[in-house]
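Visitor: Let me begin by handing over the structure; questions about it come next.
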Amino acid sequence: MTLTAKQTRAWLLNFSNKIHDNKQYLSDLDQAIGDGDHGSNMSRGVTAVEAAITDESLEKASDVMKKAAMAMVSKVGGASGPLYGSAFLEMAKVIDNEAIARVIAAGLDGIKKRGKAEVEDKTMVDMWAPVVDALQDGRLSVEAIEEAKAQTKPLKAKKGRASYLNERSIGHLDPGAVSSSYLFIALLEEVEVND
Amino acid sequence: MTLTAKQTRAWLLNFSNKIHDNKQYLSDLDQAIGDGDHGSNMSRGVTAVEAAITDESLEKASDVMKKAAMAMVSKVGGASGPLYGSAFLEMAKVIDNEAIARVIAAGLDGIKKRGKAEVEDKTMVDMWAPVVDALQDGRLSVEAIEEAKAQTKPLKAKKGRASYLNERSIGHLDPGAVSSSYLFIALLEEVEVND
Amino acid sequence: MTKRFGVVLVSHVEELAYGAYKLVKESATETPLTYAGGTDDGAIGSSFDKIMQAVEENEADYLYAFYDLGSAKMTLEMVSEMSEKSVEIVDCAFIEGAYTASVLINGGNDKQAIDDQLAPLKIK
Amino acid sequence: MTKRFGVVLVSHVEELAYGAYKLVKESATETPLTYAGGTDDGAIGSSFDKIMQAVEENEADYLYAFYDLGSAKMTLEMVSEMSEKSVEIVDCAFIEGAYTASVLINGGNDKQAIDDQLAPLKIK
Ligand SMILES: Nc1ncnc2c1ncn2[C@@H]1O[C@H](COP(=O)(O)OP(=O)(O)O)[C@@H](O)[C@H]1O
Ligand SMILES: Nc1ncnc2c1ncn2[C@@H]1O[C@H](COP(=O)(O)OP(=O)(O)O)[C@@H](O)[C@H]1O
Ligand SMILES: [Mg+2]
Ligand SMILES: [Mg+2]
Ligand SMILES: [Mg+2]
Ligand SMILES: [Mg+2]
């Protein structure tokens, strides 16, 4: 089944709340291996998303997702802006016609094209890729999301600010993967994804 | 013969006047192949030299030259600051005991060590080197100085801001060589160098 | 004289972008040069809107774009994809690359000469 | 904790030096970091006194010094020769080199690790 504008809005507003609730935690994670702003970046971004998608005249899921994309691109300020922005833009292209697994897969493609990261580079990809696999198998769960999050800890960062740290990035969760976990937990809370 | 403090002061004050008189011209030369500040840099520098060497209690030529050196290093603001400064510092080390040809040769060594330039790199070296040769032969003259200046025009710049221009630096006088010409014309005006 | 080539400077910090602009402009007085630094509210980061403005306001229509660190590049790429102009994002040393390109453009060099002199400065 | 290594940023422009400081400090919060930009009267150029102050005020006694363009390097060399501290002038990309060294110092890396990661950034 495909997502409606209403479901997409609910999903993104739920995600936004989770980001706000965990803003400091995300920044603390980023302070350890980056520049300490992932929480404030994401908070700024999702605040803009809230304002952009509240418009009830947005009739299609693609309209909501495209608005969210531009808000993230314009307002986040860090790497996660163009990354989430690209993901949301690619998802907007298919969200009205494709099942959720294909939608998230399109988002993952957008992130990979924008950031050139691969699995195990310790980036957002390390959350999105396992989620796409789980969705394709009809078994996405909070446990699967938490497991994917934990799997970023032993990785050495190969992209972004954390890559300057080489071995010293090992032992830390990737902040972008953690913020992405909220996106998918929010999805599970708002939508029946495994049907 | 060696230079006295009085002669050294007169030499440098004469040089300073020439710099002030030609400030805009030096900057125009630098605008063509650099960043347009050689005149203002040199003017700022020699103004500080004037203030520093006016002290009559400086009894030795080396005291005057050392004061001039630090003034140039501290106040010029461009490459010519450490270059003239290094030249003056090296000259200060020998000026009380050596003939003028050896003094200027020491200055040239200071410039070469600081800037790593060689003859024909279109720099200050292209004025100082021929002057050292002429002094060693006891035949420094205004004509020799003007000839050395003209010889910088067909050179391609290999050092400094002008080097970014490659072939387009050809056909222009080097501003640092021109400012150096004033130093040596001033020397001729104040001291009997060819004895 | 209208020049075909221009330079855009993109930095995470407003002062860094402006300072780079000042340094470059001193030597490259005629090169179309614009800059964008920091987020919309002046924090450390990149602004899609500021970068887009710098691109659109630049007098040239073929732009060499320089950035300080990789995350600014991604925002710059999105601007590039959405702008009508040709924006060549250059993976060179930020300050040194921008200075080199700007001075060469200022001197009327052709693209091959510019690209040749930028090549040794590619570090990203 | 007092660190052995620190970083000094030297630029021809005040804003560029300060902007670079802000960018680097965001990620390298514990690295001893000082900067000097522009002439004494705020014009474009280098100031021996400002650079000397940046070197002396830095908490570390082994300093990696980064500069924007070659003429600032010469003034930096004179400061280095007159200072009691060990000042290693690094011929790397200004922003990228300073960021790299500072982040590595912040993480407690040894000199070999710092030098290894700076090597690919040498362009001067
Ligand atoms: N090249 C990349 N590909 C995928 N994800 C990336 C890449 N670079 C960075 N990221 C993600 O972005 C997160 C950092 O986001 P943020 O702190 O907003 O960016 P910035 O590095 O600009 O401060 C990282 O934790 C990582 O998940
Ligand atoms: N490496 C060098 N060796 C010798 N002289 C040099 C060198 N680099 C620059 N110069 C001299 O300095 C002059 C420019 O001085 P100035 O305009 O004060 O410096 P800046 O390039 O910092 O603006 C040049 O014309 C040249 O004579
Ligand atoms: Mg960050
Ligand atoms: Mg950031
Ligand atoms: Mg100059
Ligand atoms: Mg200058």
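Letters A, B, ... go to the chains of the structure tokens in the order shown; residues in each chain start at 1; ligands are counted from 1 in the same order.
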Could you report the residues within 8 Å of ligand 2, using only C-alpha atoms and all ligand atoms, as JSON, numbers by chain?

Guide: {"B": [27, 30, 34, 35, 36, 37, 38, 39, 41, 42, 76, 77, 78, 79, 80, 81, 83, 111, 112, 114, 115, 116, 117, 118, 122, 123, 124, 125, 159, 160, 161, 162, 174, 175, 176, 177, 178], "D": [45, 46, 70, 71, 72]}

Visitor: Quick check: residues of chain C within 9 Å of chain D, only C-alpha atoms, returned as JSON, numbers by chain.

Guide: {"C": [12, 13, 14, 15, 16, 17, 18, 19, 20, 21, 22, 23, 26, 44, 68, 69, 92, 93, 94, 95, 96, 120, 121, 122, 123, 124]}

Visitor: Based on the selection just made, write C-alpha atoms of those residues as a short mmCIF file (atom, residue, chain, number, x, y, z; two decimals), in the first residue's frame.

Guide:
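Saved file result_31.cif follows:
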```cif
data_model
loop_
_atom_site.label_atom_id
_atom_site.label_comp_id
_atom_site.auth_asym_id
_atom_site.auth_seq_id
_atom_site.Cartn_x
_atom_site.Cartn_y
_atom_site.Cartn_z
CA HIS C 12 30.79 27.32 7.02
CA VAL C 13 31.70 30.64 8.67
CA GLU C 14 30.59 34.12 7.59
CA GLU C 15 33.87 35.76 8.52
CA LEU C 16 35.92 33.13 6.73
CA ALA C 17 33.94 33.61 3.50
CA TYR C 18 34.17 37.41 3.71
CA GLY C 19 37.85 37.34 4.65
CA ALA C 20 38.62 35.09 1.71
CA TYR C 21 36.66 37.49 -0.51
CA LYS C 22 38.77 40.42 0.75
CA LEU C 23 42.06 38.59 0.22
CA GLU C 26 42.74 42.71 -3.56
CA ILE C 44 28.47 27.64 11.69
CA ASP C 68 36.11 24.92 2.90
CA LEU C 69 35.02 21.47 4.11
CA CYS C 92 41.00 22.28 -4.33
CA ALA C 93 42.45 23.91 -1.28
CA PHE C 94 39.84 26.54 -0.44
CA ILE C 95 41.88 29.73 -0.09
CA GLU C 96 44.73 28.84 -2.40
CA PRO C 120 48.20 20.70 -8.29
CA LEU C 121 45.88 22.19 -5.66
CA LYS C 122 43.34 19.35 -5.68
CA ILE C 123 43.37 17.77 -2.24
CA LYS C 124 39.78 16.65 -1.60
#
```

Visitor: Compile the residues of chain D that lie within 8 Å of chain A, evaluated using only C-alpha atoms, and express the compilation as a PyMOL selection string.

Guide: chain D and resi 26-28+100+103-104+107

Visitor: Matching every Cα in sequence order between the two identical chains, what are the coordinates of chain D once fitted onto chain C? Write them as a short mmCIF file (atom, residue, chain, number, x, y, z; two decimals) with N, CA and C atoms, in the first residue's frame.

Guide:
```cif
data_model
loop_
_atom_site.label_atom_id
_atom_site.label_comp_id
_atom_site.auth_asym_id
_atom_site.auth_seq_id
_atom_site.Cartn_x
_atom_site.Cartn_y
_atom_site.Cartn_z
N MET D 1 34.19 45.49 -18.94
CA MET D 1 34.17 44.22 -19.68
C MET D 1 33.49 43.10 -18.87
N THR D 2 32.53 42.44 -19.49
CA THR D 2 31.89 41.29 -18.84
C THR D 2 32.73 40.04 -19.04
N LYS D 3 33.02 39.38 -17.96
CA LYS D 3 33.82 38.16 -18.09
C LYS D 3 32.94 36.94 -18.05
N ARG D 4 33.38 35.95 -18.78
CA ARG D 4 32.62 34.70 -18.83
C ARG D 4 32.76 33.94 -17.51
N PHE D 5 33.97 33.94 -16.94
CA PHE D 5 34.24 33.14 -15.75
C PHE D 5 34.13 33.97 -14.48
N GLY D 6 33.62 33.33 -13.42
CA GLY D 6 33.59 33.96 -12.11
C GLY D 6 33.92 32.94 -11.03
N VAL D 7 34.00 33.42 -9.80
CA VAL D 7 34.34 32.55 -8.66
C VAL D 7 33.33 32.76 -7.55
N VAL D 8 32.92 31.65 -6.93
CA VAL D 8 32.06 31.69 -5.75
C VAL D 8 32.80 31.03 -4.59
N LEU D 9 32.76 31.70 -3.44
CA LEU D 9 33.42 31.19 -2.23
C LEU D 9 32.35 30.73 -1.25
N VAL D 10 32.45 29.49 -0.78
CA VAL D 10 31.46 28.94 0.16
C VAL D 10 32.14 28.42 1.42
N SER D 11 31.75 28.98 2.54
CA SER D 11 32.36 28.56 3.81
C SER D 11 31.30 28.32 4.88
N HIS D 12 31.64 27.54 5.87
CA HIS D 12 30.78 27.31 7.03
C HIS D 12 30.71 28.54 7.94
N VAL D 13 31.62 29.48 7.76
CA VAL D 13 31.69 30.63 8.67
C VAL D 13 31.63 31.92 7.86
N GLU D 14 30.76 32.84 8.29
CA GLU D 14 30.58 34.12 7.59
C GLU D 14 31.89 34.88 7.43
N GLU D 15 32.63 34.97 8.54
CA GLU D 15 33.86 35.76 8.52
C GLU D 15 34.91 35.16 7.60
N LEU D 16 34.95 33.83 7.59
CA LEU D 16 35.91 33.13 6.73
C LEU D 16 35.61 33.43 5.26
N ALA D 17 34.34 33.34 4.89
CA ALA D 17 33.94 33.62 3.51
C ALA D 17 34.27 35.06 3.12
N TYR D 18 33.92 35.99 4.00
CA TYR D 18 34.16 37.40 3.70
C TYR D 18 35.66 37.72 3.68
N GLY D 19 36.40 37.13 4.63
CA GLY D 19 37.85 37.33 4.67
C GLY D 19 38.52 36.81 3.41
N ALA D 20 38.06 35.64 2.94
CA ALA D 20 38.61 35.07 1.71
C ALA D 20 38.29 36.00 0.54
N TYR D 21 37.06 36.53 0.53
CA TYR D 21 36.66 37.49 -0.50
C TYR D 21 37.61 38.69 -0.52
N LYS D 22 37.90 39.25 0.66
CA LYS D 22 38.78 40.42 0.74
C LYS D 22 40.18 40.12 0.23
N LEU D 23 40.70 38.97 0.64
CA LEU D 23 42.05 38.59 0.22
C LEU D 23 42.14 38.45 -1.29
N VAL D 24 41.17 37.74 -1.85
CA VAL D 24 41.17 37.47 -3.29
C VAL D 24 40.92 38.75 -4.08
N LYS D 25 39.97 39.55 -3.63
CA LYS D 25 39.58 40.76 -4.36
C LYS D 25 40.71 41.76 -4.48
N GLU D 26 41.61 41.76 -3.52
CA GLU D 26 42.74 42.70 -3.55
C GLU D 26 43.57 42.50 -4.81
N SER D 27 43.79 41.24 -5.19
CA SER D 27 44.62 40.93 -6.36
C SER D 27 43.81 40.75 -7.63
N ALA D 28 42.58 40.28 -7.50
CA ALA D 28 41.74 39.99 -8.66
C ALA D 28 40.59 40.99 -8.71
N THR D 29 40.93 42.25 -8.95
CA THR D 29 39.95 43.34 -8.84
C THR D 29 38.81 43.23 -9.84
N GLU D 30 39.03 42.56 -10.97
CA GLU D 30 38.00 42.52 -12.00
C GLU D 30 37.28 41.18 -12.13
N THR D 31 37.70 40.21 -11.33
CA THR D 31 37.05 38.90 -11.41
C THR D 31 35.68 38.95 -10.72
N PRO D 32 34.60 38.49 -11.41
CA PRO D 32 33.31 38.40 -10.72
C PRO D 32 33.45 37.44 -9.54
N LEU D 33 33.26 37.94 -8.35
CA LEU D 33 33.53 37.19 -7.13
C LEU D 33 32.43 37.40 -6.11
N THR D 34 31.80 36.32 -5.67
CA THR D 34 30.77 36.39 -4.64
C THR D 34 31.04 35.32 -3.59
N TYR D 35 30.40 35.47 -2.45
CA TYR D 35 30.68 34.54 -1.35
C TYR D 35 29.45 34.29 -0.51
N ALA D 36 29.46 33.15 0.20
CA ALA D 36 28.39 32.81 1.15
C ALA D 36 29.02 32.09 2.33
N GLY D 37 28.64 32.48 3.53
CA GLY D 37 29.21 31.84 4.71
C GLY D 37 28.24 31.73 5.85
N GLY D 38 28.25 30.57 6.52
CA GLY D 38 27.40 30.37 7.69
C GLY D 38 25.97 30.05 7.33
N THR D 39 25.18 29.72 8.37
CA THR D 39 23.77 29.44 8.16
C THR D 39 22.99 30.76 8.09
N ASP D 40 21.69 30.63 7.80
CA ASP D 40 20.85 31.83 7.69
C ASP D 40 20.87 32.67 8.97
N ASP D 41 21.01 31.99 10.12
CA ASP D 41 21.03 32.74 11.38
C ASP D 41 22.44 32.98 11.91
N GLY D 42 23.43 32.85 11.02
CA GLY D 42 24.79 33.21 11.39
C GLY D 42 25.56 32.15 12.17
N ALA D 43 24.99 30.96 12.29
CA ALA D 43 25.70 29.88 12.97
C ALA D 43 26.69 29.24 12.01
N ILE D 44 27.50 28.35 12.53
CA ILE D 44 28.46 27.64 11.69
C ILE D 44 27.71 26.58 10.88
N GLY D 45 27.86 26.63 9.57
CA GLY D 45 27.17 25.70 8.69
C GLY D 45 27.00 26.31 7.31
N SER D 46 26.20 25.66 6.48
CA SER D 46 25.97 26.16 5.12
C SER D 46 24.52 26.53 4.94
N SER D 47 24.28 27.54 4.12
CA SER D 47 22.94 27.97 3.81
C SER D 47 22.67 27.82 2.33
N PHE D 48 21.69 26.98 2.01
CA PHE D 48 21.29 26.82 0.62
C PHE D 48 20.92 28.18 0.02
N ASP D 49 20.15 28.97 0.75
CA ASP D 49 19.69 30.26 0.23
C ASP D 49 20.84 31.24 0.01
N LYS D 50 21.78 31.30 0.95
CA LYS D 50 22.92 32.22 0.80
C LYS D 50 23.79 31.81 -0.39
N ILE D 51 23.99 30.49 -0.51
CA ILE D 51 24.83 30.01 -1.61
C ILE D 51 24.13 30.28 -2.95
N MET D 52 22.83 30.01 -2.99
CA MET D 52 22.07 30.25 -4.22
C MET D 52 22.16 31.73 -4.60
N GLN D 53 22.05 32.59 -3.61
CA GLN D 53 22.14 34.03 -3.86
C GLN D 53 23.52 34.42 -4.41
N ALA D 54 24.57 33.83 -3.81
CA ALA D 54 25.92 34.13 -4.27
C ALA D 54 26.12 33.68 -5.71
N VAL D 55 25.53 32.55 -6.06
CA VAL D 55 25.63 32.04 -7.43
C VAL D 55 24.85 32.96 -8.38
N GLU D 56 23.62 33.26 -8.02
CA GLU D 56 22.78 34.08 -8.91
C GLU D 56 23.29 35.51 -9.07
N GLU D 57 23.83 36.08 -7.99
CA GLU D 57 24.29 37.47 -8.04
C GLU D 57 25.64 37.63 -8.73
N ASN D 58 26.36 36.53 -8.91
CA ASN D 58 27.64 36.62 -9.59
C ASN D 58 27.41 37.02 -11.05
N GLU D 59 28.19 37.97 -11.55
CA GLU D 59 28.01 38.48 -12.91
C GLU D 59 28.32 37.46 -14.00
N ALA D 60 29.14 36.46 -13.67
CA ALA D 60 29.53 35.49 -14.68
C ALA D 60 28.51 34.35 -14.75
N ASP D 61 28.53 33.61 -15.86
CA ASP D 61 27.60 32.48 -15.93
C ASP D 61 28.31 31.13 -15.91
N TYR D 62 29.65 31.15 -15.89
CA TYR D 62 30.39 29.91 -15.65
C TYR D 62 31.20 30.14 -14.37
N LEU D 63 30.83 29.43 -13.32
CA LEU D 63 31.41 29.71 -12.01
C LEU D 63 32.27 28.57 -11.47
N TYR D 64 33.47 28.94 -11.05
CA TYR D 64 34.31 28.02 -10.27
C TYR D 64 33.91 28.21 -8.81
N ALA D 65 33.45 27.13 -8.18
CA ALA D 65 33.00 27.23 -6.80
C ALA D 65 33.96 26.50 -5.86
N PHE D 66 34.41 27.21 -4.84
CA PHE D 66 35.34 26.66 -3.86
C PHE D 66 34.66 26.61 -2.50
N TYR D 67 34.96 25.54 -1.73
CA TYR D 67 34.34 25.36 -0.42
C TYR D 67 35.39 24.97 0.59
N ASP D 68 35.10 25.22 1.88
CA ASP D 68 36.10 24.92 2.89
C ASP D 68 36.14 23.44 3.28
N LEU D 69 35.02 22.88 3.71
CA LEU D 69 35.00 21.47 4.10
C LEU D 69 33.87 20.74 3.39
N GLY D 70 33.96 19.43 3.32
CA GLY D 70 33.06 18.60 2.54
C GLY D 70 31.57 18.79 2.73
N SER D 71 31.11 19.12 3.95
CA SER D 71 29.66 19.23 4.11
C SER D 71 29.09 20.44 3.36
N ALA D 72 29.90 21.50 3.21
CA ALA D 72 29.44 22.65 2.41
C ALA D 72 29.32 22.26 0.95
N LYS D 73 30.13 21.31 0.51
CA LYS D 73 30.11 20.86 -0.88
C LYS D 73 28.75 20.28 -1.25
N MET D 74 28.16 19.53 -0.31
CA MET D 74 26.88 18.88 -0.62
C MET D 74 25.77 19.91 -0.83
N THR D 75 25.77 20.95 -0.02
CA THR D 75 24.76 22.01 -0.19
C THR D 75 25.02 22.74 -1.50
N LEU D 76 26.30 22.97 -1.79
CA LEU D 76 26.72 23.60 -3.04
C LEU D 76 26.24 22.77 -4.25
N GLU D 77 26.35 21.47 -4.15
CA GLU D 77 25.90 20.58 -5.23
C GLU D 77 24.41 20.75 -5.48
N MET D 78 23.64 20.87 -4.42
CA MET D 78 22.20 21.03 -4.60
C MET D 78 21.88 22.37 -5.25
N VAL D 79 22.62 23.39 -4.88
CA VAL D 79 22.45 24.70 -5.53
C VAL D 79 22.80 24.57 -7.01
N SER D 80 23.91 23.91 -7.28
CA SER D 80 24.37 23.73 -8.66
C SER D 80 23.30 23.04 -9.50
N GLU D 81 22.66 22.03 -8.90
CA GLU D 81 21.64 21.27 -9.63
C GLU D 81 20.38 22.08 -9.89
N MET D 82 20.15 23.08 -9.06
CA MET D 82 18.93 23.87 -9.19
C MET D 82 19.14 25.21 -9.87
N SER D 83 20.38 25.57 -10.15
CA SER D 83 20.66 26.85 -10.79
C SER D 83 20.78 26.67 -12.30
N GLU D 84 20.44 27.73 -13.03
CA GLU D 84 20.59 27.71 -14.49
C GLU D 84 22.06 27.83 -14.90
N LYS D 85 22.88 28.35 -13.99
CA LYS D 85 24.28 28.60 -14.34
C LYS D 85 25.11 27.32 -14.34
N SER D 86 26.25 27.39 -15.01
CA SER D 86 27.22 26.32 -14.94
C SER D 86 28.09 26.55 -13.71
N VAL D 87 28.01 25.62 -12.76
CA VAL D 87 28.80 25.75 -11.54
C VAL D 87 29.77 24.57 -11.44
N GLU D 88 31.05 24.87 -11.60
CA GLU D 88 32.06 23.82 -11.47
C GLU D 88 32.60 23.82 -10.04
N ILE D 89 32.23 22.78 -9.30
CA ILE D 89 32.69 22.66 -7.92
C ILE D 89 34.10 22.09 -7.94
N VAL D 90 35.02 22.83 -7.34
CA VAL D 90 36.44 22.49 -7.44
C VAL D 90 36.94 21.92 -6.11
N ASP D 91 37.52 20.72 -6.17
CA ASP D 91 38.00 20.05 -4.96
C ASP D 91 39.42 20.45 -4.59
N CYS D 92 39.67 21.75 -4.65
CA CYS D 92 41.00 22.28 -4.33
C CYS D 92 41.05 22.85 -2.93
N ALA D 93 42.26 23.12 -2.47
CA ALA D 93 42.46 23.91 -1.26
C ALA D 93 41.62 25.17 -1.40
N PHE D 94 40.81 25.47 -0.36
CA PHE D 94 39.83 26.54 -0.44
C PHE D 94 40.45 27.91 -0.77
N ILE D 95 41.31 28.39 0.10
CA ILE D 95 41.88 29.73 -0.09
C ILE D 95 42.82 29.79 -1.29
N GLU D 96 43.71 28.83 -1.36
CA GLU D 96 44.73 28.83 -2.40
C GLU D 96 44.13 28.60 -3.79
N GLY D 97 43.14 27.74 -3.85
CA GLY D 97 42.47 27.47 -5.12
C GLY D 97 41.68 28.68 -5.61
N ALA D 98 40.93 29.28 -4.68
CA ALA D 98 40.13 30.44 -5.05
C ALA D 98 41.01 31.60 -5.49
N TYR D 99 42.13 31.79 -4.78
CA TYR D 99 43.06 32.87 -5.14
C TYR D 99 43.63 32.64 -6.53
N THR D 100 44.07 31.43 -6.77
CA THR D 100 44.68 31.07 -8.06
C THR D 100 43.69 31.27 -9.21
N ALA D 101 42.50 30.70 -9.08
CA ALA D 101 41.51 30.81 -10.15
C ALA D 101 41.15 32.27 -10.40
N SER D 102 40.98 33.01 -9.32
CA SER D 102 40.54 34.41 -9.45
C SER D 102 41.60 35.28 -10.14
N VAL D 103 42.87 35.07 -9.79
CA VAL D 103 43.95 35.85 -10.40
C VAL D 103 44.07 35.52 -11.88
N LEU D 104 43.90 34.24 -12.20
CA LEU D 104 43.99 33.83 -13.60
C LEU D 104 42.82 34.36 -14.42
N ILE D 105 41.62 34.32 -13.86
CA ILE D 105 40.46 34.90 -14.52
C ILE D 105 40.67 36.39 -14.72
N ASN D 106 41.18 37.04 -13.69
CA ASN D 106 41.44 38.48 -13.74
C ASN D 106 42.38 38.83 -14.89
N GLY D 107 43.33 37.92 -15.17
CA GLY D 107 44.29 38.16 -16.23
C GLY D 107 43.80 37.73 -17.60
N GLY D 108 42.55 37.25 -17.67
CA GLY D 108 41.98 36.89 -18.96
C GLY D 108 42.42 35.55 -19.50
N ASN D 109 42.91 34.68 -18.63
CA ASN D 109 43.35 33.35 -19.07
C ASN D 109 42.19 32.50 -19.55
N ASP D 110 42.49 31.55 -20.44
CA ASP D 110 41.45 30.63 -20.90
C ASP D 110 41.25 29.49 -19.91
N LYS D 111 40.22 28.69 -20.13
CA LYS D 111 39.87 27.66 -19.16
C LYS D 111 40.98 26.65 -18.96
N GLN D 112 41.65 26.27 -20.05
CA GLN D 112 42.72 25.28 -19.93
C GLN D 112 43.82 25.77 -18.99
N ALA D 113 44.19 27.04 -19.14
CA ALA D 113 45.24 27.59 -18.27
C ALA D 113 44.79 27.61 -16.81
N ILE D 114 43.52 27.96 -16.60
CA ILE D 114 42.98 27.97 -15.23
C ILE D 114 43.00 26.56 -14.66
N ASP D 115 42.47 25.61 -15.43
CA ASP D 115 42.40 24.23 -14.94
C ASP D 115 43.79 23.64 -14.69
N ASP D 116 44.75 23.98 -15.55
CA ASP D 116 46.11 23.46 -15.37
C ASP D 116 46.73 23.93 -14.06
N GLN D 117 46.47 25.21 -13.72
CA GLN D 117 47.09 25.73 -12.52
C GLN D 117 46.34 25.32 -11.25
N LEU D 118 45.08 24.89 -11.43
CA LEU D 118 44.32 24.39 -10.27
C LEU D 118 44.66 22.93 -9.96
N ALA D 119 45.08 22.19 -10.99
CA ALA D 119 45.32 20.75 -10.81
C ALA D 119 46.21 20.40 -9.60
N PRO D 120 47.35 21.08 -9.41
CA PRO D 120 48.21 20.71 -8.28
C PRO D 120 47.60 21.04 -6.92
N LEU D 121 46.48 21.79 -6.91
CA LEU D 121 45.87 22.21 -5.65
C LEU D 121 44.70 21.32 -5.23
N LYS D 122 44.45 20.26 -6.01
CA LYS D 122 43.35 19.36 -5.68
C LYS D 122 43.74 18.45 -4.53
N ILE D 123 43.01 18.54 -3.42
CA ILE D 123 43.36 17.77 -2.24
C ILE D 123 42.16 17.09 -1.59
N LYS D 124 40.97 17.16 -2.24
CA LYS D 124 39.77 16.65 -1.59
C LYS D 124 39.17 15.48 -2.35
#
```

Visitor: Just give me the gap between atom CA of B:Val142 and atom CA of B:Phe184 in Å, one decimal is fine.

Guide: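 It comes out at 8.4 Å.
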
Visitor: Could you pull the residues within 7 Å of stretch 6-16 of chain B, counting only C-alpha atoms, minus those fewer than 3 positions along the same chain, as a CSV table (one decimal) with N, CA and C atoms, in the first residue's frame?

Guide:
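The new file selection.csv reads:
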```
chain,number,residue,atom,x,y,z
B,3,LEU,N,80.8,52.5,6.8
B,3,LEU,CA,79.7,53.5,7.0
B,3,LEU,C,79.6,53.9,8.5
B,19,ILE,N,60.8,56.7,-1.3
B,19,ILE,CA,59.6,55.8,-1.2
B,19,ILE,C,58.3,56.6,-1.1
B,20,HIS,N,58.3,57.6,-0.2
B,20,HIS,CA,57.1,58.4,-0.1
B,20,HIS,C,56.7,59.1,-1.4
B,46,VAL,N,58.8,52.5,5.8
B,46,VAL,CA,59.9,53.5,6.0
B,46,VAL,C,59.5,54.6,7.0
B,50,GLU,N,61.9,55.8,9.8
B,50,GLU,CA,62.3,57.2,10.2
B,50,GLU,C,62.2,57.4,11.7
B,53,ILE,N,65.0,55.4,13.7
B,53,ILE,CA,66.5,55.7,13.5
B,53,ILE,C,66.8,57.2,13.8
B,61,ALA,N,76.7,52.3,13.1
B,61,ALA,CA,75.9,52.1,11.9
B,61,ALA,C,75.1,50.8,12.1
B,64,VAL,N,71.8,51.6,13.9
B,64,VAL,CA,70.8,52.2,13.0
B,64,VAL,C,70.2,51.2,12.1
B,182,TYR,N,65.6,52.6,-5.4
B,182,TYR,CA,65.6,53.9,-4.7
B,182,TYR,C,66.6,53.8,-3.5
B,183,LEU,N,66.8,52.6,-2.9
B,183,LEU,CA,67.7,52.4,-1.8
B,183,LEU,C,69.1,52.6,-2.3
B,186,ALA,N,69.7,56.3,-3.4
B,186,ALA,CA,69.9,57.1,-2.1
B,186,ALA,C,71.3,56.8,-1.6
B,187,LEU,N,71.8,55.6,-1.7
B,187,LEU,CA,73.2,55.3,-1.2
B,187,LEU,C,74.2,56.1,-2.0
B,190,GLU,N,74.3,59.7,-0.9
B,190,GLU,CA,74.7,60.0,0.5
B,190,GLU,C,76.1,59.6,0.8
B,191,VAL,N,76.7,58.6,0.0
B,191,VAL,CA,77.9,58.0,0.4
B,191,VAL,C,78.8,57.9,-0.9
```

Visitor: Using DSSP on the backbone, list every residue of chain B that comes out as helix (DSSP H, G or I), and give them as an NGL selection string.

Guide: :B and (5-21 or 23-33 or 38-53 or 61-75 or 80-94 or 100-115 or 125-136 or 142-150 or 161-169 or 175-190)

Visitor: Find, counting only C-alpha atoms, the residue in A:Ala144, A:Ala129, A:Val119, A:Ser163 that gets nearest to A:Ala106.

Guide: A:Ala129

Visitor: Atom CA of B:Ala71 and atom CA of B:Gly85, how far apart in Å?

Guide: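 Separating atom CA of B:Gly85 from atom CA of B:Ala71 is a distance of 7.7 Å.
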
Visitor: As a PyMOL selection string, please: the residues near B:Asn97 (cut-off 12 Å, only C-alpha atoms, same-chain neighbours under 3 positions excluded).

Guide: chain B and resi 1-4+60-62+91-94+100-103

Visitor: Can you work out the spacing between atom CA of B:Ser74 and atom CA of B:Ile185 in Å, to one decimal?

Guide: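 So the answer is 24.5 Å.
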
Visitor: With only C-alpha atoms as the counted atoms, please give the residues lying no more than 8 Å from A:Leu173, apart from itself and same-chain residues fewer than 3 positions off, as a list in words.

Guide: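 Close residues of A:Leu173: Leu29, Lys149, Ala150, Thr152, Lys153, Ala177 and Val178 of chain A.
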